[in-house]
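Participant: Take this structure first; my questions come after.
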Amino acid sequence: MKNPMIMTPGPTTIHESVRRAMSKEITNPDLDLTFYEFYKETCEKFKQVFHTEHDVLILNGEGILGLEASCASLIEPGDRVLCIDNGIFGHGFANFAKIYGADVTYYKSDYKKAVSSDELELFLKSNHNYKIATLVHCETPSGITNPVELICPILKKYGIITVVDSVSALGGEEVMADKWGMDIVLAGSQKCLSAAPGLTILSISDTAWNKIYNRIMPIIGFYCNLSIWKDWYVKKLFPYTQPISCIYGLREAVERLICDEDVLHRHKTIASATRHSLINSGLKLYALDGYSNTVTTVMVPEETSYDKIFTSMVKDHNIMIGGAFDYLKGKVFRIGHMGENCREERVYMTLKALDCVLRKNGVQLTNELHKEFVQLVG
Ligand SMILES: *Cc1c(COP(=O)(O)O)cnc(C)c1O
């Protein structure tokens, strides 16, 4: 049987042109100078997506590598780090900071809502002695997007270096790294960029580089040390052999993204139509505000269970939706409408199947999910 359609919040569907690019004949990426140019051009294209004039790096490991590498490279033992925590990833970021000796303060806020920039500003007025702050752009498990455009400028005002996990947002939500004062922005190949899992893409400001180069304690480790990338282009020397086929795919994916002028608008429209079709049919969303444009998290109705929904979606309809982990395990299901998944046809098919599965499991829907969606998406 054909693989299921993966309507999960990453990995997402990969376009055929990206798959083809990955199967291109390779060269020796260490020795062939044309590959250094190709790689540099790929970084330049990402600068347009991050909206930055600073450096972009591509690291050879999936999204989590970016979180750990930022902590390993920036944090010196004893550095005070503010971890903004309104969800599983926001909370978890602190664990990486602690590995590298950070003195962590959690700024905890309601897990069902976006972080309020006003409340954070109030907190910072009397507590701003931090070198670094970590925050998550889109909390993928709960389907909440934080207002990084308001939060980062406030942190900058206090001279705090900002590290933003935008793994499930970049490509589906607007990112203005330089304008908003985001020092490190992290993205992953397998979410809104719809390339194969395996790469982290990050933008890094001069302020962040200065902190890295002016450390007293040396950076622990090699793979997570961002300074090993210094002058790679000038010296024509990568710190290690690049996964050339993944980068061929990523290049095609970022070109598709840049050409797609409607992409952010489409994410908004489809996310909104998805949410309202669910709500209008009697289902409940997990979040109370800050709804993500890339993923929607839905409460499992009490008549059924997550396992039943997941299994029947795959077995009867060949569509895979996501669940969640940690405190949300079994309580919610998630539709990932990001990147290549963010197409009306795909979301329509998913909601049609979901409508059928929920009814079969005794959930009394007040409307037909897919028909509501069609009306709303306009
Ligand atoms: C997916 C994701 C990551 C990377 O985690 P994976 O191990 O690739 O799933 C990091 N942060 C966020 C917010 C994510 O959604």
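In the structure tokens, chains take the letters A, B, ... in the order shown, each chain's residues start at 1, and ligands count up from 1 in the order shown.
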Excluding same-chain residues fewer than 4 positions from range 197-200 of chain A, what lies within 10 Å of it counting only C-alpha atoms, as a list in words?

Facilitator: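 Listed by chain and then number, they are Gly10, Pro11, Thr12, Leu57, Ile58, Leu59, Asn60, Gly61, Glu62, Gly63, Ile64, Leu65, Gly66, Leu67, Val167, Leu186, Ala187, Gly188, Ser189, Gln190, Lys191, Leu193, Pro243, Cys246, Ile247 and Leu250 of chain A.
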
Participant: Just write the chosen residues, C-alpha atoms, as a CSV table (one decimal), in the first residue's frame.

Facilitator:
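Final output, saved to out_19.csv:
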```csv
chain,number,residue,atom,x,y,z
A,10,GLY,CA,6.6,17.5,11.0
A,11,PRO,CA,7.9,15.7,9.1
A,12,THR,CA,5.7,17.1,6.4
A,57,LEU,CA,24.5,28.3,9.0
A,58,ILE,CA,23.2,24.9,8.0
A,59,LEU,CA,24.0,22.3,10.7
A,60,ASN,CA,23.9,18.5,10.0
A,61,GLY,CA,21.4,17.3,12.4
A,62,GLU,CA,17.6,17.8,12.9
A,63,GLY,CA,16.1,20.7,14.8
A,64,ILE,CA,17.2,19.8,18.3
A,65,LEU,CA,20.9,20.2,17.2
A,66,GLY,CA,20.2,23.9,16.8
A,67,LEU,CA,18.8,24.2,20.3
A,167,VAL,CA,11.5,25.2,14.1
A,186,LEU,CA,16.4,28.2,14.6
A,187,ALA,CA,14.6,26.3,11.9
A,188,GLY,CA,14.4,22.6,10.9
A,189,SER,CA,14.3,21.1,7.5
A,190,GLN,CA,11.3,18.8,8.2
A,191,LYS,CA,8.6,21.2,9.3
A,193,LEU,CA,10.3,23.9,4.9
A,243,PRO,CA,25.4,15.8,3.7
A,246,CYS,CA,20.1,16.6,2.0
A,247,ILE,CA,21.5,20.0,1.0
A,250,LEU,CA,17.0,21.8,1.0
```

Participant: May I have the residues within 8 Å of Val298 in chain A as a PyMOL selection string, using only C-alpha atoms and disregarding those fewer than 6 positions away in the same chain?

Facilitator: chain A and resi 283-286+332-334

Participant: Counting only C-alpha atoms, what are the residues of range 252-367 of chain A within 10 Å of range 122-146 of chain A, and for each of them which pair of atoms is the nearest and at what distance in Å, to one decimal? Sort the table by chain and rising number, as a tab-separated table.

Facilitator:
```
residue	atom	partner	partner_atom	distance
A:Leu285	CA	A:Gly143	CA	9.1
A:Tyr286	CA	A:Ser142	CA	6.5
A:Ala287	CA	A:Ser142	CA	6.5
A:Leu288	CA	A:Ile144	CA	8.9
A:Asp289	CA	A:Ile144	CA	7.4
A:Gly290	CA	A:Ile144	CA	5.2
A:Tyr291	CA	A:Ile144	CA	5.0
A:Ser292	CA	A:Thr145	CA	4.8
A:Asn293	CA	A:Thr145	CA	7.8
A:Thr294	CA	A:Gly143	CA	7.8
A:Val295	CA	A:Gly143	CA	5.3
A:Thr296	CA	A:Gly143	CA	5.2
A:Thr297	CA	A:Gly143	CA	5.3
A:Val298	CA	A:Ser142	CA	8.7
A:Gly322	CA	A:Pro141	CA	9.3
A:Gly323	CA	A:Pro141	CA	8.3
A:Ala324	CA	A:Pro141	CA	5.9
A:Phe325	CA	A:Pro141	CA	7.6
A:Asp326	CA	A:Pro141	CA	9.3
A:Tyr327	CA	A:Pro141	CA	9.9
A:Leu328	CA	A:Pro141	CA	7.7
A:Lys329	CA	A:Pro141	CA	9.6
A:Val332	CA	A:Ser142	CA	8.7
A:Phe333	CA	A:Pro141	CA	9.2
A:Arg334	CA	A:Pro141	CA	7.8
A:Ile335	CA	A:Gly143	CA	9.4
A:Gly336	CA	A:Thr140	CA	9.1
```

Participant: Please provide the set of residues having any atom within 9 Å of Lys211 in chain A, restricted to only C-alpha atoms, with same-chain residues fewer than 2 positions apart removed, written as an MDAnalysis selection string.

Facilitator: chainID A and resid 73:75 161 206:209 213:215

Participant: Excluding Ser277 in chain A and residues on its chain fewer than 2 positions from it, collect all residues at most 9 Å away from it, counting only C-alpha atoms, and give them as JSON, numbers by chain.

Facilitator: {"A": [272, 273, 274, 275, 279, 280, 281, 282, 283, 351, 367, 368, 369, 370, 371, 372, 373, 374, 375, 376]}

Participant: Could those residues be written to a file, using N, CA, C and O atoms, as a CSV table (one decimal), in the first residue's frame?

Facilitator:
```csv
chain,number,residue,atom,x,y,z
A,272,SER,N,-7.0,29.3,9.8
A,272,SER,CA,-8.3,29.8,10.3
A,272,SER,C,-9.5,29.0,9.9
A,272,SER,O,-10.4,28.7,10.7
A,273,ALA,N,-9.5,28.5,8.7
A,273,ALA,CA,-10.6,27.7,8.2
A,273,ALA,C,-10.6,26.4,8.9
A,273,ALA,O,-11.7,25.8,9.2
A,274,THR,N,-9.5,25.8,9.2
A,274,THR,CA,-9.4,24.5,9.9
A,274,THR,C,-9.9,24.7,11.3
A,274,THR,O,-10.8,23.9,11.7
A,275,ARG,N,-9.5,25.7,12.0
A,275,ARG,CA,-9.9,25.9,13.4
A,275,ARG,C,-11.4,26.1,13.4
A,275,ARG,O,-12.1,25.5,14.2
A,279,ILE,N,-14.4,24.0,15.4
A,279,ILE,CA,-15.2,24.7,16.4
A,279,ILE,C,-16.7,24.6,16.0
A,279,ILE,O,-17.5,24.3,16.8
A,280,ASN,N,-16.9,25.0,14.8
A,280,ASN,CA,-18.3,25.1,14.3
A,280,ASN,C,-19.0,23.7,14.3
A,280,ASN,O,-20.2,23.6,14.3
A,281,SER,N,-18.2,22.6,14.4
A,281,SER,CA,-18.7,21.3,14.4
A,281,SER,C,-18.8,20.7,15.8
A,281,SER,O,-19.1,19.5,16.0
A,282,GLY,N,-18.5,21.5,16.8
A,282,GLY,CA,-18.6,21.1,18.2
A,282,GLY,C,-17.4,20.6,18.8
A,282,GLY,O,-17.4,20.1,20.0
A,283,LEU,N,-16.2,20.7,18.1
A,283,LEU,CA,-15.0,20.2,18.8
A,283,LEU,C,-14.3,21.4,19.5
A,283,LEU,O,-14.7,22.5,19.3
A,351,LEU,N,-9.9,16.5,6.8
A,351,LEU,CA,-11.1,16.8,7.6
A,351,LEU,C,-12.2,15.9,7.2
A,351,LEU,O,-13.0,15.5,8.1
A,367,ASN,N,-21.8,19.8,12.6
A,367,ASN,CA,-21.6,20.1,11.1
A,367,ASN,C,-20.7,19.2,10.5
A,367,ASN,O,-20.0,18.4,11.2
A,368,GLU,N,-20.6,19.2,9.2
A,368,GLU,CA,-19.6,18.4,8.5
A,368,GLU,C,-18.3,19.1,8.4
A,368,GLU,O,-18.3,20.2,7.7
A,369,LEU,N,-17.3,18.6,8.9
A,369,LEU,CA,-16.0,19.3,9.0
A,369,LEU,C,-15.5,19.8,7.7
A,369,LEU,O,-15.2,21.0,7.6
A,370,HIS,N,-15.5,18.9,6.7
A,370,HIS,CA,-14.9,19.3,5.4
A,370,HIS,C,-15.8,20.3,4.7
A,370,HIS,O,-15.3,21.2,4.0
A,371,LYS,N,-17.1,20.2,4.9
A,371,LYS,CA,-18.0,21.2,4.2
A,371,LYS,C,-17.9,22.6,4.8
A,371,LYS,O,-17.9,23.6,4.1
A,372,GLU,N,-17.7,22.6,6.1
A,372,GLU,CA,-17.5,23.8,6.8
A,372,GLU,C,-16.2,24.4,6.3
A,372,GLU,O,-16.1,25.6,6.0
A,373,PHE,N,-15.2,23.6,6.2
A,373,PHE,CA,-13.8,24.0,5.7
A,373,PHE,C,-13.9,24.7,4.4
A,373,PHE,O,-13.4,25.8,4.1
A,374,VAL,N,-14.6,24.1,3.4
A,374,VAL,CA,-14.7,24.6,2.1
A,374,VAL,C,-15.4,26.0,2.1
A,374,VAL,O,-14.9,26.9,1.4
A,375,GLN,N,-16.4,26.1,2.9
A,375,GLN,CA,-17.1,27.4,3.0
A,375,GLN,C,-16.2,28.5,3.5
A,375,GLN,O,-16.2,29.6,3.0
A,376,LEU,N,-15.4,28.1,4.6
A,376,LEU,CA,-14.6,29.1,5.3
A,376,LEU,C,-13.4,29.5,4.5
A,376,LEU,O,-12.9,30.6,4.6
```

Participant: With DSSP run on the backbone, what are the alpha helix (DSSP H) residues within range 90-326 of chain A? I'd like them as JSON, numbers by chain.

Facilitator: {"A": [90, 91, 92, 93, 94, 95, 96, 97, 98, 99, 117, 118, 119, 120, 121, 122, 123, 124, 125, 126, 148, 149, 150, 151, 152, 153, 154, 155, 156, 157, 206, 207, 208, 209, 210, 211, 212, 213, 232, 233, 234, 235, 244, 245, 246, 247, 248, 249, 250, 251, 252, 253, 254, 255, 256, 257, 258, 259, 263, 264, 265, 266, 267, 268, 269, 270, 271, 272, 273, 274, 275, 276, 277, 278, 279, 280, 306, 307, 308, 309, 310, 311, 312, 313, 314, 315, 316, 317]}

Participant: Measuring atom to atom with only C-alpha atoms and all ligand atoms, identify which of A:Ser168, A:Asn210, A:Asn361, A:Ser245 is nearest to ligand 1.

Facilitator: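 Of the candidates, the smallest distance to ligand 1 is held by A:Ser168.
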
Participant: Which of these residues is nearest to Lys268 in chain A, using only C-alpha atoms: A:Arg343, A:Lys352, A:Lys230, A:Lys308?

Facilitator: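 The answer is A:Arg343, which sits nearest to Lys268 in chain A.
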
Participant: Enter the distance from CA of Gly90 in chain A to atom 13 (C, counted along the ligand's line) of ligand 1, in Å, rounded to one decimal.

Facilitator: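 Separating CA of Gly90 in chain A from atom 13 (C, counted along the ligand's line) of ligand 1 is a distance of 7.9 Å.
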
Participant: Measure the distance from CA of Ile160 in chain A to CA of Ile201 in chain A in Å and round it to one decimal.

Facilitator: 22.0 Å

Participant: Using only C-alpha atoms and all ligand atoms, which of A:Ala72, A:Met5, A:Ala196, A:Thr52 sits nearest ligand 1?

Facilitator: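 Of A:Ala72, A:Met5, A:Ala196, A:Thr52, the one nearest ligand 1, counting only C-alpha atoms and all ligand atoms, is A:Ala196.
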
Participant: Between A:Ser166, A:Asn95, A:Ser70, A:Thr34, which has the minimum distance to ligand 1 (counting only C-alpha atoms and all ligand atoms)?

Facilitator: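 Of the candidates, the smallest distance to ligand 1 is held by A:Ser166.
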
Participant: Find the residues around range 172-177 of chain A up to 10 Å (only C-alpha atoms counted), leave out those fewer than 6 positions away in its own chain, and share them as a ChimeraX atom specification.

Facilitator: /A:47-54,137-138,145,148-149,152,164,166,183-185,191-193,203-205,257,263-268,292-295,337-339,342

Participant: If DSSP is run on the backbone, what residues of range 29-69 of chain A are strand (DSSP E or B)? A reply as a PyMOL selection string would be ideal.

Facilitator: chain A and resi 55-59

Participant: Name the closest residue to Glu41 in chain A among the candidates A:Leu226, A:Val363, A:Ile321, A:Val254; distances are taken between atoms, counting only C-alpha atoms.

Facilitator: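 Nearest candidate to Glu41 in chain A out of A:Leu226, A:Val363, A:Ile321, A:Val254: A:Val254.
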